[in-house]
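File shown: structure_35.txt (compact mmCIF, C-alpha atoms and all ligand atoms).
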# COMPACT_ATOMS: atom_id res chain seq x y z
CA ARG A 1 -49.13 -42.67 -83.29
CA ARG A 2 -51.84 -41.56 -80.96
CA SER A 3 -53.10 -44.84 -79.60
CA CYS A 4 -51.45 -47.11 -77.05
CA SER A 5 -48.98 -48.75 -79.31
CA ALA A 6 -47.28 -51.53 -77.29
CA THR A 7 -45.48 -52.32 -80.51
CA PRO A 8 -42.37 -54.51 -80.48
CA PRO A 9 -39.21 -52.38 -79.96
CA SER A 10 -38.29 -53.24 -83.51
CA ALA A 11 -38.45 -56.47 -85.37
CA SER A 12 -35.39 -55.33 -87.27
CA HIS A 13 -33.26 -54.54 -84.22
CA VAL A 14 -30.49 -56.85 -85.16
CA MET A 15 -30.24 -55.43 -88.65
CA ARG A 16 -30.36 -51.84 -87.45
CA ARG A 17 -28.01 -52.35 -84.56
CA GLY A 18 -24.95 -50.94 -86.21
CA PHE A 19 -26.76 -47.79 -87.24
CA ALA A 20 -28.47 -47.27 -83.90
CA SER A 21 -25.34 -47.74 -81.81
CA ASP A 22 -23.47 -45.27 -83.95
CA SER A 23 -26.12 -42.59 -83.65
CA ALA A 24 -28.09 -43.15 -80.44
CA PRO A 25 -27.02 -41.26 -77.32
CA GLU A 26 -25.58 -43.06 -74.29
CA ARG A 27 -28.39 -44.35 -72.07
CA LYS A 28 -28.09 -46.27 -68.84
CA VAL A 29 -30.96 -48.53 -67.77
CA ALA A 30 -31.09 -50.17 -64.33
CA VAL A 31 -33.33 -53.14 -63.57
CA LEU A 32 -34.09 -53.65 -59.85
CA GLY A 33 -35.18 -57.23 -59.17
CA ALA A 34 -33.17 -58.40 -62.17
CA ALA A 35 -32.72 -62.00 -61.01
CA GLY A 36 -36.47 -62.63 -60.72
CA GLY A 37 -39.06 -64.17 -62.99
CA ILE A 38 -39.64 -60.88 -64.82
CA GLY A 39 -36.17 -59.47 -64.19
CA GLN A 40 -34.26 -62.13 -66.12
CA PRO A 41 -36.16 -62.05 -69.42
CA LEU A 42 -36.44 -58.27 -69.08
CA ALA A 43 -32.65 -58.07 -68.70
CA LEU A 44 -32.37 -60.13 -71.89
CA LEU A 45 -34.77 -57.89 -73.81
CA MET A 46 -33.07 -54.71 -72.62
CA LYS A 47 -29.72 -56.20 -73.69
CA LEU A 48 -31.24 -56.59 -77.17
CA ASN A 49 -32.31 -52.94 -77.27
CA PRO A 50 -29.80 -50.87 -79.29
CA LEU A 51 -30.86 -47.68 -77.51
CA VAL A 52 -29.26 -48.93 -74.27
CA SER A 53 -25.53 -48.36 -73.76
CA LYS A 54 -25.26 -49.48 -70.11
CA LEU A 55 -27.39 -52.10 -68.39
CA ALA A 56 -27.19 -52.38 -64.60
CA LEU A 57 -28.76 -55.52 -63.13
CA TYR A 58 -29.53 -55.28 -59.41
CA ASP A 59 -31.09 -57.78 -57.01
CA ILE A 60 -30.60 -58.93 -53.45
CA ALA A 61 -29.21 -62.24 -54.80
CA GLY A 62 -28.35 -63.97 -58.06
CA THR A 63 -27.32 -61.02 -60.22
CA PRO A 64 -23.68 -62.01 -60.86
CA GLY A 65 -24.89 -65.07 -62.77
CA VAL A 66 -27.60 -63.24 -64.69
CA ALA A 67 -25.21 -60.41 -65.59
CA ALA A 68 -22.42 -62.77 -66.71
CA ASP A 69 -24.88 -64.70 -68.85
CA VAL A 70 -26.54 -61.69 -70.50
CA SER A 71 -23.20 -59.88 -70.95
CA HIS A 72 -22.03 -62.45 -73.49
CA ILE A 73 -24.70 -61.37 -75.97
CA ASN A 74 -23.04 -59.39 -78.75
CA THR A 75 -25.14 -56.25 -78.62
CA ARG A 76 -24.30 -52.64 -77.79
CA SER A 77 -24.77 -52.37 -74.05
CA GLU A 78 -22.20 -52.99 -71.37
CA VAL A 79 -23.72 -55.14 -68.62
CA ALA A 80 -22.90 -55.08 -64.91
CA GLY A 81 -24.43 -57.03 -62.05
CA PHE A 82 -24.94 -55.58 -58.56
CA MET A 83 -25.98 -57.60 -55.53
CA GLY A 84 -27.12 -56.47 -52.11
CA GLU A 85 -27.88 -53.05 -50.70
CA ASP A 86 -24.21 -52.07 -50.54
CA GLN A 87 -24.13 -52.07 -54.34
CA LEU A 88 -27.49 -50.43 -55.00
CA GLY A 89 -26.03 -46.92 -55.25
CA GLN A 90 -23.52 -48.01 -57.87
CA ALA A 91 -26.23 -49.78 -59.82
CA LEU A 92 -28.37 -46.63 -59.88
CA GLU A 93 -25.78 -43.92 -60.43
CA GLY A 94 -26.12 -42.27 -63.84
CA SER A 95 -29.30 -44.16 -64.77
CA ASP A 96 -31.67 -42.61 -67.30
CA ILE A 97 -34.36 -45.20 -66.62
CA VAL A 98 -34.90 -47.43 -63.59
CA ILE A 99 -37.24 -50.38 -64.12
CA ILE A 100 -38.59 -51.97 -60.92
CA PRO A 101 -39.89 -55.54 -61.05
CA ALA A 102 -38.71 -56.27 -57.46
CA GLY A 103 -41.05 -57.91 -55.01
CA VAL A 104 -43.24 -60.94 -54.48
CA PRO A 105 -45.76 -62.19 -57.06
CA ARG A 106 -49.28 -63.55 -56.44
CA LYS A 107 -50.31 -67.13 -55.80
CA PRO A 108 -53.78 -68.48 -56.68
CA GLY A 109 -56.50 -66.96 -54.50
CA MET A 110 -54.57 -63.75 -53.81
CA THR A 111 -55.37 -60.24 -55.04
CA ARG A 112 -52.61 -57.85 -56.02
CA ASP A 113 -53.41 -55.90 -52.88
CA ASP A 114 -52.45 -58.97 -50.82
CA LEU A 115 -48.86 -58.23 -51.94
CA PHE A 116 -48.96 -54.76 -50.40
CA ASN A 117 -47.47 -55.66 -47.01
CA ILE A 118 -44.24 -57.00 -48.51
CA ASN A 119 -43.89 -55.00 -51.71
CA ALA A 120 -44.71 -51.58 -50.27
CA GLY A 121 -41.60 -51.71 -48.07
CA ILE A 122 -39.40 -52.95 -50.93
CA VAL A 123 -40.60 -50.17 -53.24
CA LYS A 124 -40.18 -47.56 -50.54
CA SER A 125 -36.57 -48.48 -49.87
CA LEU A 126 -35.68 -48.75 -53.57
CA CYS A 127 -37.26 -45.35 -54.27
CA THR A 128 -35.39 -43.81 -51.35
CA ALA A 129 -32.18 -44.97 -53.04
CA ILE A 130 -33.33 -43.65 -56.43
CA SER A 131 -33.93 -40.20 -54.93
CA LYS A 132 -30.38 -40.29 -53.60
CA TYR A 133 -28.43 -41.78 -56.50
CA CYS A 134 -30.36 -40.95 -59.71
CA PRO A 135 -33.08 -38.43 -58.85
CA ARG A 136 -33.56 -37.43 -62.48
CA ALA A 137 -34.17 -40.94 -63.83
CA LEU A 138 -37.49 -42.06 -65.28
CA VAL A 139 -38.97 -44.74 -63.00
CA ASN A 140 -40.95 -47.59 -64.57
CA MET A 141 -42.84 -49.27 -61.72
CA ILE A 142 -43.82 -52.88 -62.33
CA SER A 143 -44.05 -54.13 -58.71
CA ASN A 144 -47.60 -54.78 -57.53
CA PRO A 145 -49.97 -53.48 -56.44
CA VAL A 146 -49.15 -50.80 -59.05
CA ASN A 147 -52.22 -48.78 -57.97
CA SER A 148 -50.47 -48.29 -54.60
CA THR A 149 -46.74 -48.64 -55.39
CA VAL A 150 -46.79 -45.64 -57.75
CA PRO A 151 -48.30 -43.33 -55.08
CA ILE A 152 -45.75 -44.73 -52.58
CA ALA A 153 -42.93 -43.82 -54.96
CA ALA A 154 -44.38 -40.32 -55.46
CA GLU A 155 -44.53 -39.72 -51.70
CA VAL A 156 -40.98 -40.98 -51.15
CA PHE A 157 -39.71 -38.67 -53.88
CA LYS A 158 -41.73 -35.73 -52.51
CA LYS A 159 -40.21 -36.23 -49.07
CA ALA A 160 -36.74 -36.32 -50.60
CA GLY A 161 -37.51 -33.18 -52.62
CA THR A 162 -36.89 -34.99 -55.91
CA TYR A 163 -40.42 -35.67 -57.14
CA ASN A 164 -41.05 -34.90 -60.78
CA GLU A 165 -44.49 -36.13 -61.86
CA LYS A 166 -43.29 -36.35 -65.44
CA LYS A 167 -40.84 -39.10 -64.52
CA LEU A 168 -42.91 -41.63 -62.61
CA PHE A 169 -44.79 -44.35 -64.51
CA GLY A 170 -46.84 -47.33 -63.43
CA VAL A 171 -46.30 -49.94 -66.13
CA THR A 172 -49.72 -51.01 -67.42
CA THR A 173 -48.47 -52.09 -70.85
CA LEU A 174 -49.32 -55.74 -70.16
CA ASP A 175 -52.99 -54.79 -70.03
CA VAL A 176 -52.65 -53.22 -73.47
CA VAL A 177 -50.73 -56.24 -74.77
CA ARG A 178 -53.52 -58.54 -73.52
CA ALA A 179 -56.34 -56.34 -74.82
CA LYS A 180 -54.73 -56.33 -78.26
CA THR A 181 -54.23 -60.09 -78.31
CA PHE A 182 -57.75 -60.91 -77.12
CA TYR A 183 -59.38 -58.35 -79.43
CA ALA A 184 -57.46 -59.56 -82.48
CA GLY A 185 -58.53 -63.14 -81.73
CA LYS A 186 -62.19 -62.25 -81.38
CA ALA A 187 -62.36 -59.68 -84.19
CA LYS A 188 -60.25 -61.87 -86.50
CA VAL A 189 -57.96 -58.99 -87.45
CA ASN A 190 -54.19 -58.87 -87.77
CA VAL A 191 -52.88 -58.52 -84.21
CA ALA A 192 -49.89 -56.50 -85.41
CA GLU A 193 -52.25 -53.74 -86.56
CA VAL A 194 -54.42 -53.62 -83.44
CA ASN A 195 -54.55 -50.65 -81.08
CA VAL A 196 -56.61 -50.58 -77.89
CA PRO A 197 -56.20 -48.01 -75.13
CA VAL A 198 -56.49 -49.37 -71.59
CA VAL A 199 -57.18 -46.82 -68.85
CA GLY A 200 -57.78 -46.67 -65.08
CA GLY A 201 -55.39 -48.74 -63.01
CA HIS A 202 -53.78 -52.17 -62.86
CA ALA A 203 -55.99 -54.49 -60.79
CA GLY A 204 -59.29 -56.22 -61.55
CA ILE A 205 -62.08 -53.79 -62.45
CA THR A 206 -59.69 -50.82 -62.31
CA ILE A 207 -58.31 -52.14 -65.63
CA LEU A 208 -60.62 -50.57 -68.22
CA PRO A 209 -59.95 -51.46 -71.86
CA LEU A 210 -61.64 -49.07 -74.29
CA PHE A 211 -62.69 -51.49 -77.01
CA SER A 212 -65.03 -48.84 -78.47
CA GLN A 213 -61.83 -47.10 -79.62
CA ALA A 214 -60.11 -50.29 -80.83
CA THR A 215 -58.71 -50.30 -84.35
CA PRO A 216 -59.05 -51.86 -86.86
CA ARG A 217 -62.79 -51.53 -86.23
CA ALA A 218 -64.88 -54.68 -85.92
CA ASN A 219 -68.55 -55.33 -85.41
CA LEU A 220 -68.49 -57.07 -82.05
CA SER A 221 -71.66 -57.56 -80.04
CA ASP A 222 -72.16 -56.05 -76.57
CA GLU A 223 -71.77 -59.56 -75.12
CA GLU A 224 -68.47 -60.05 -76.93
CA ILE A 225 -67.16 -56.68 -75.71
CA LYS A 226 -68.22 -57.54 -72.17
CA ALA A 227 -66.40 -60.88 -72.34
CA LEU A 228 -63.26 -59.28 -73.82
CA THR A 229 -63.29 -56.65 -71.06
CA LYS A 230 -63.59 -59.30 -68.35
CA ARG A 231 -60.82 -61.41 -69.87
CA THR A 232 -58.50 -58.38 -70.01
CA GLN A 233 -59.32 -57.50 -66.39
CA ASP A 234 -58.70 -61.10 -65.30
CA GLY A 235 -55.67 -61.69 -67.53
CA GLY A 236 -53.23 -61.66 -64.61
CA THR A 237 -55.37 -64.11 -62.64
CA GLU A 238 -55.61 -66.40 -65.67
CA VAL A 239 -51.80 -66.71 -65.64
CA VAL A 240 -51.56 -67.00 -61.83
CA GLU A 241 -54.02 -69.91 -61.90
CA ALA A 242 -52.30 -71.61 -64.82
CA LYS A 243 -48.94 -71.35 -63.03
CA ALA A 244 -50.63 -72.95 -60.00
CA GLY A 245 -48.49 -71.47 -57.23
CA LYS A 246 -45.33 -70.81 -59.27
CA GLY A 247 -45.94 -67.08 -59.61
CA SER A 248 -47.59 -64.73 -62.07
CA ALA A 249 -46.93 -63.43 -65.58
CA THR A 250 -43.20 -63.11 -66.19
CA LEU A 251 -42.51 -63.58 -69.91
CA SER A 252 -45.41 -61.49 -71.23
CA MET A 253 -44.59 -58.92 -68.54
CA ALA A 254 -40.94 -58.79 -69.55
CA TYR A 255 -42.11 -58.21 -73.13
CA ALA A 256 -44.50 -55.47 -72.01
CA GLY A 257 -41.86 -53.89 -69.74
CA ALA A 258 -39.34 -53.89 -72.58
CA ILE A 259 -41.83 -52.19 -74.90
CA PHE A 260 -42.60 -49.51 -72.34
CA ALA A 261 -38.92 -48.88 -71.57
CA ASP A 262 -38.18 -48.69 -75.29
CA ALA A 263 -40.92 -46.06 -75.65
CA CYS A 264 -39.38 -44.08 -72.76
CA LEU A 265 -35.94 -44.29 -74.40
CA LYS A 266 -37.35 -43.10 -77.72
CA GLY A 267 -39.07 -40.20 -75.94
CA LEU A 268 -35.83 -39.25 -74.16
CA ASN A 269 -34.03 -39.36 -77.50
CA GLY A 270 -36.49 -36.92 -79.05
CA VAL A 271 -38.47 -39.29 -81.26
CA PRO A 272 -41.80 -37.50 -81.87
CA ASP A 273 -45.29 -38.85 -81.11
CA VAL A 274 -44.36 -41.75 -78.87
CA VAL A 275 -47.59 -42.68 -77.10
CA GLU A 276 -48.18 -45.48 -74.59
CA CYS A 277 -50.73 -46.03 -71.85
CA SER A 278 -49.35 -45.64 -68.33
CA PHE A 279 -50.51 -45.04 -64.74
CA VAL A 280 -49.29 -41.52 -64.01
CA GLN A 281 -50.11 -38.42 -62.00
CA SER A 282 -53.18 -37.16 -63.79
CA THR A 283 -56.00 -34.65 -63.99
CA VAL A 284 -57.96 -36.74 -66.50
CA THR A 285 -60.36 -37.70 -63.67
CA GLU A 286 -60.68 -36.44 -60.10
CA LEU A 287 -58.21 -39.15 -58.97
CA PRO A 288 -54.59 -38.04 -58.49
CA PHE A 289 -53.20 -41.00 -60.47
CA PHE A 290 -54.82 -42.62 -63.47
CA ALA A 291 -53.74 -44.69 -66.45
CA SER A 292 -54.39 -43.24 -69.88
CA LYS A 293 -52.54 -42.54 -73.08
CA VAL A 294 -49.39 -40.54 -72.42
CA ARG A 295 -47.11 -38.84 -74.92
CA LEU A 296 -43.47 -39.45 -73.99
CA GLY A 297 -40.73 -36.94 -74.60
CA LYS A 298 -37.30 -35.70 -73.58
CA ASN A 299 -38.42 -35.10 -69.99
CA GLY A 300 -40.66 -38.12 -69.58
CA VAL A 301 -44.38 -37.30 -69.75
CA GLU A 302 -44.91 -34.67 -72.40
CA GLU A 303 -48.69 -34.80 -72.31
CA VAL A 304 -51.31 -36.87 -70.51
CA LEU A 305 -53.98 -37.48 -73.12
CA GLY A 306 -57.69 -37.55 -72.34
CA LEU A 307 -59.97 -40.57 -72.46
CA GLY A 308 -61.75 -39.78 -75.72
CA PRO A 309 -65.38 -40.77 -76.30
CA LEU A 310 -66.56 -43.67 -74.11
CA SER A 311 -69.40 -46.10 -74.72
CA ASP A 312 -72.11 -46.33 -72.03
CA PHE A 313 -70.56 -49.63 -70.90
CA GLU A 314 -67.13 -48.00 -70.55
CA GLN A 315 -68.62 -44.97 -68.79
CA GLN A 316 -70.20 -47.31 -66.25
CA GLY A 317 -66.88 -49.16 -65.89
CA LEU A 318 -65.14 -45.85 -65.28
CA GLU A 319 -67.50 -44.85 -62.48
CA ALA A 320 -67.34 -48.35 -60.96
CA LEU A 321 -63.55 -48.43 -60.78
CA LYS A 322 -63.07 -45.07 -59.08
CA PRO A 323 -63.76 -46.06 -55.43
CA GLU A 324 -61.34 -49.03 -55.54
CA LEU A 325 -58.64 -47.07 -57.33
CA LYS A 326 -59.05 -44.14 -54.95
CA SER A 327 -58.66 -46.35 -51.90
CA SER A 328 -55.57 -48.14 -53.33
CA ILE A 329 -53.97 -44.77 -54.05
CA GLU A 330 -54.76 -43.53 -50.54
CA LYS A 331 -53.41 -46.74 -49.01
CA GLY A 332 -50.08 -46.14 -50.74
CA ILE A 333 -49.92 -42.49 -49.68
CA THR A 334 -50.74 -43.34 -46.06
CA PHE A 335 -48.11 -46.10 -45.97
CA ALA A 336 -45.39 -43.85 -47.37
CA ASN A 337 -46.09 -41.17 -44.79
CA GLN A 338 -46.27 -43.53 -41.81
CA SER A 339 -42.67 -43.67 -40.79
P1 LIG B 1 -40.05 -62.98 -58.57
O1 LIG B 1 -40.25 -63.40 -57.16
O2 LIG B 1 -39.78 -64.03 -59.58
O3 LIG B 1 -38.87 -61.92 -58.67
C1 LIG B 1 -38.81 -60.81 -57.83
C2 LIG B 1 -37.37 -60.47 -57.62
O4 LIG B 1 -37.34 -59.33 -56.76
C3 LIG B 1 -36.55 -61.58 -56.92
O5 LIG B 1 -35.41 -61.90 -57.70
C4 LIG B 1 -36.18 -60.97 -55.60
O6 LIG B 1 -34.91 -61.37 -55.12
C5 LIG B 1 -36.21 -59.49 -55.95
N1 LIG B 1 -36.27 -58.62 -54.78
C6 LIG B 1 -36.94 -58.78 -53.63
N2 LIG B 1 -36.68 -57.77 -52.78
C7 LIG B 1 -35.84 -56.94 -53.43
C8 LIG B 1 -35.19 -55.74 -53.10
N3 LIG B 1 -35.36 -55.15 -51.92
N4 LIG B 1 -34.39 -55.17 -54.02
C9 LIG B 1 -34.20 -55.75 -55.23
N5 LIG B 1 -34.76 -56.89 -55.60
C10 LIG B 1 -35.57 -57.48 -54.70
O7 LIG B 1 -41.35 -62.13 -58.99
P2 LIG B 1 -41.78 -61.68 -60.46
O8 LIG B 1 -42.67 -62.70 -61.05
O9 LIG B 1 -40.59 -61.22 -61.20
O10 LIG B 1 -42.74 -60.42 -60.11
C11 LIG B 1 -42.20 -59.25 -59.54
C12 LIG B 1 -43.28 -58.22 -59.27
O11 LIG B 1 -43.88 -57.78 -60.49
C13 LIG B 1 -44.46 -58.75 -58.44
O12 LIG B 1 -44.83 -57.78 -57.49
C14 LIG B 1 -45.57 -58.95 -59.44
O13 LIG B 1 -46.84 -58.90 -58.87
C15 LIG B 1 -45.30 -57.78 -60.36
N6 LIG B 1 -45.91 -57.89 -61.69
C16 LIG B 1 -46.43 -56.75 -62.24
C17 LIG B 1 -46.99 -56.76 -63.49
C18 LIG B 1 -47.55 -55.51 -64.10
O14 LIG B 1 -48.28 -55.60 -65.10
N7 LIG B 1 -47.24 -54.34 -63.61
C19 LIG B 1 -47.02 -57.96 -64.22
C20 LIG B 1 -46.49 -59.10 -63.65
C21 LIG B 1 -45.93 -59.06 -62.37
C1 LIG B 2 -50.44 -59.26 -64.21
O1 LIG B 2 -51.33 -58.50 -64.61
O2 LIG B 2 -50.14 -60.30 -64.80
C2 LIG B 2 -49.65 -58.88 -63.00
O3 LIG B 2 -50.19 -57.76 -62.37
C3 LIG B 2 -49.40 -60.01 -62.07
C4 LIG B 2 -50.63 -60.46 -61.33
O4 LIG B 2 -50.55 -60.62 -60.12
O5 LIG B 2 -51.66 -60.68 -61.96

Translate the structure of the given file into structure tokens.
Amino acid sequence: RRSCSATPPSASHVMRRGFASDSAPERKVAVLGAAGGIGQPLALLMKLNPLVSKLALYDIAGTPGVAADVSHINTRSEVAGFMGEDQLGQALEGSDIVIIPAGVPRKPGMTRDDLFNINAGIVKSLCTAISKYCPRALVNMISNPVNSTVPIAAEVFKKAGTYNEKKLFGVTTLDVVRAKTFYAGKAKVNVAEVNVPVVGGHAGITILPLFSQATPRANLSDEEIKALTKRTQDGGTEVVEAKAGKGSATLSMAYAGAIFADACLKGLNGVPDVVECSFVQSTVTELPFFASKVRLGKNGVEEVLGLGPLSDFEQQGLEALKPELKSSIEKGITFANQS
């Protein structure tokens, strides 16, 4: 599969569980922020994934309850909860994948960048611990603003001498999930068959869905494509407003995070042609980080795929997003190198 798949880990998980646990290698996944709005359903979904053998649930509070609860589910992985900084090392040790949904979410009227002041510090300290306890793990960054938290993580790892650009991912799968849902609704095609790459970054106009490459093909008007693009770019805000002060997307994000982690696990396990969109170190444009299709493999990123042919509308969107994305990346780099 060459397009951003964001396909459910497997509808037949339960049926295949016996087979997968017998044959799949041992894999430890750690979730940092596991007691939060995303963390809890993500912990549940990772517990359902037969490719996981150990699930470490870390947060500053609340993880014993979440871990006890999830651990009763009769699937392969062994679950352990870790609470407070003293236990972070233990949570991370031996991890193949670390998923980070730690940090504060938006309230109505806020941009993702408004979260920077709190979340940048959280991400920096968690990544410092990752470089110490599991420097070879794949890192799936969910905490916002992703356009800045990924560069922060890269800088922290560089300083620690553990940076491997193949192993750091900004999770943009929710943009793909939304683009697929909205496109299927408008084009009246089976959503399960839809593929739409989403490139750029993960905030407002930096989110650039490439509906000209969407499959199955549909004859949508320029106005319809414009509206679909805007809805995808504003998808997060739509949820923030609907939740009216009670946070941002959690359930759809947990789903998206679980799909991306599953793709990483498949890549690590040598499954060929696993492709998802992700915000990674990139030479696809002049910007040092950019989201595009990425082929995942045994070492993380196997290949960063190009953008493919763009419509004039998408080309304009690409040029328009670059200044904002560049400044968010630079903001992260500057922050990480401050102290
Ligand atoms: P939440 O407040 O419900 O949960 C966050 C959790 O992080 C809490 O349990 C909190 O205790 C924990 N936490 C705080 N500091 C921590 C630390 N130092 N170490 C470990 N855990 C810590 O928020 P949420 O709704 O789960 O959202 C979490 C983050 O994910 C936000 O920044 C949000 O903007 C982001 N998000 C990203 C996407 C995406 O597409 N990438 C989608 C949705 C939300
Ligand atoms: C999203 O896209 O839902 C997340 O980035 C959360 C947000 O603040 O919109």

With 10 Å as the threshold, what does the neighbourhood of (-63.8, -49.8, -74.5) contain in terms of residues, counting all atoms listed in the file? Coordinates are those of the file; answer as a PDB file with C-alpha atoms, in the frame of the given file.
ATOM      1  CA  ALA A 179     -56.340 -56.340 -74.820  1.00  0.00           C
ATOM      2  CA  VAL A 196     -56.610 -50.580 -77.890  1.00  0.00           C
ATOM      3  CA  PRO A 197     -56.200 -48.010 -75.130  1.00  0.00           C
ATOM      4  CA  VAL A 198     -56.490 -49.370 -71.590  1.00  0.00           C
ATOM      5  CA  VAL A 199     -57.180 -46.820 -68.850  1.00  0.00           C
ATOM      6  CA  LEU A 208     -60.620 -50.570 -68.220  1.00  0.00           C
ATOM      7  CA  PRO A 209     -59.950 -51.460 -71.860  1.00  0.00           C
ATOM      8  CA  LEU A 210     -61.640 -49.070 -74.290  1.00  0.00           C
ATOM      9  CA  PHE A 211     -62.690 -51.490 -77.010  1.00  0.00           C
ATOM     10  CA  SER A 212     -65.030 -48.840 -78.470  1.00  0.00           C
ATOM     11  CA  GLN A 213     -61.830 -47.100 -79.620  1.00  0.00           C
ATOM     12  CA  ALA A 214     -60.110 -50.290 -80.830  1.00  0.00           C
ATOM     13  CA  ILE A 225     -67.160 -56.680 -75.710  1.00  0.00           C
ATOM     14  CA  LYS A 226     -68.220 -57.540 -72.170  1.00  0.00           C
ATOM     15  CA  LEU A 228     -63.260 -59.280 -73.820  1.00  0.00           C
ATOM     16  CA  THR A 229     -63.290 -56.650 -71.060  1.00  0.00           C
ATOM     17  CA  PRO A 309     -65.380 -40.770 -76.300  1.00  0.00           C
ATOM     18  CA  LEU A 310     -66.560 -43.670 -74.110  1.00  0.00           C
ATOM     19  CA  SER A 311     -69.400 -46.100 -74.720  1.00  0.00           C
ATOM     20  CA  ASP A 312     -72.110 -46.330 -72.030  1.00  0.00           C
ATOM     21  CA  PHE A 313     -70.560 -49.630 -70.900  1.00  0.00           C
ATOM     22  CA  GLU A 314     -67.130 -48.000 -70.550  1.00  0.00           C
ATOM     23  CA  GLN A 315     -68.620 -44.970 -68.790  1.00  0.00           C
ATOM     24  CA  GLY A 317     -66.880 -49.160 -65.890  1.00  0.00           C
TER      25      GLY A 317
END

Taking only C-alpha atoms and all ligand atoms into account, report as a tab-separated table (two decimals) with C-alpha atoms, keeping the file's coordinate frame which residues have an atom no farther than 7 Å from an atom of ligand LIG 1 (chain B).
chain	number	residue	atom	x	y	z
A	32	LEU	CA	-34.09	-53.65	-59.85
A	33	GLY	CA	-35.18	-57.23	-59.17
A	34	ALA	CA	-33.17	-58.40	-62.17
A	35	ALA	CA	-32.72	-62.00	-61.01
A	36	GLY	CA	-36.47	-62.63	-60.72
A	37	GLY	CA	-39.06	-64.17	-62.99
A	38	ILE	CA	-39.64	-60.88	-64.82
A	39	GLY	CA	-36.17	-59.47	-64.19
A	58	TYR	CA	-29.53	-55.28	-59.41
A	59	ASP	CA	-31.09	-57.78	-57.01
A	60	ILE	CA	-30.60	-58.93	-53.45
A	61	ALA	CA	-29.21	-62.24	-54.80
A	101	PRO	CA	-39.89	-55.54	-61.05
A	102	ALA	CA	-38.71	-56.27	-57.46
A	103	GLY	CA	-41.05	-57.91	-55.01
A	104	VAL	CA	-43.24	-60.94	-54.48
A	105	PRO	CA	-45.76	-62.19	-57.06
A	106	ARG	CA	-49.28	-63.55	-56.44
A	112	ARG	CA	-52.61	-57.85	-56.02
A	115	LEU	CA	-48.86	-58.23	-51.94
A	119	ASN	CA	-43.89	-55.00	-51.71
A	122	ILE	CA	-39.40	-52.95	-50.93
A	126	LEU	CA	-35.68	-48.75	-53.57
A	141	MET	CA	-42.84	-49.27	-61.72
A	142	ILE	CA	-43.82	-52.88	-62.33
A	143	SER	CA	-44.05	-54.13	-58.71
A	144	ASN	CA	-47.60	-54.78	-57.53
A	145	PRO	CA	-49.97	-53.48	-56.44
A	146	VAL	CA	-49.15	-50.80	-59.05
A	171	VAL	CA	-46.30	-49.94	-66.13
A	172	THR	CA	-49.72	-51.01	-67.42
A	173	THR	CA	-48.47	-52.09	-70.85
A	174	LEU	CA	-49.32	-55.74	-70.16
A	175	ASP	CA	-52.99	-54.79	-70.03
A	202	HIS	CA	-53.78	-52.17	-62.86
A	247	GLY	CA	-45.94	-67.08	-59.61
A	248	SER	CA	-47.59	-64.73	-62.07
A	249	ALA	CA	-46.93	-63.43	-65.58
A	250	THR	CA	-43.20	-63.11	-66.19
A	253	MET	CA	-44.59	-58.92	-68.54

Counting only C-alpha atoms and all ligand atoms, the option among A:Pro151, A:Pro64, A:Gly236, A:Pro25 closest to ligand LIG 2 (chain B):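 The answer is A:Gly236, which sits nearest to ligand LIG 2 (chain B).
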
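Residue neighbourhood of Ala80 of chain A, excluding near-sequence residues (fewer than 3 positions): Leu55, Ala56, Leu57 and Ala67 of chain A, at 7 Å, using all atoms listed in the file.
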
Go ahead and save the residues from that selection, with C-alpha atoms, as a PDB file, in the frame of the given file.
ATOM      1  CA  LEU A  55     -27.390 -52.100 -68.390  1.00  0.00           C
ATOM      2  CA  ALA A  56     -27.190 -52.380 -64.600  1.00  0.00           C
ATOM      3  CA  LEU A  57     -28.760 -55.520 -63.130  1.00  0.00           C
ATOM      4  CA  ALA A  67     -25.210 -60.410 -65.590  1.00  0.00           C
TER       5      ALA A  67
END

Interatomic distance (Å, one decimal) between atom CA of Lys107 of chain A and atom CA of Val150 of chain A: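 Interatomic distance here is 21.9 Å.
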
Padded axis-aligned box of ligand LIG 2 (chain B) (5 Å per side), centre and edge lengths, Å, one decimal, as AutoDock Vina command-line options:
--center_x -50.5 --center_y -59.2 --center_z -62.5 --size_x 12.3 --size_y 12.9 --size_z 14.7

Spatial neighbours of Ser282 of chain A, max dist 9 Å, only C-alpha atoms, sep filter under 3 positions, as a PyMOL selection string: chain A and resi 165+279+285-292+304

With distances taken over all atoms listed in the file, which residue among A:Val176, A:Val70, A:Ala30, A:Leu325 lies nearest Lys54 of chain A? A:Ala30
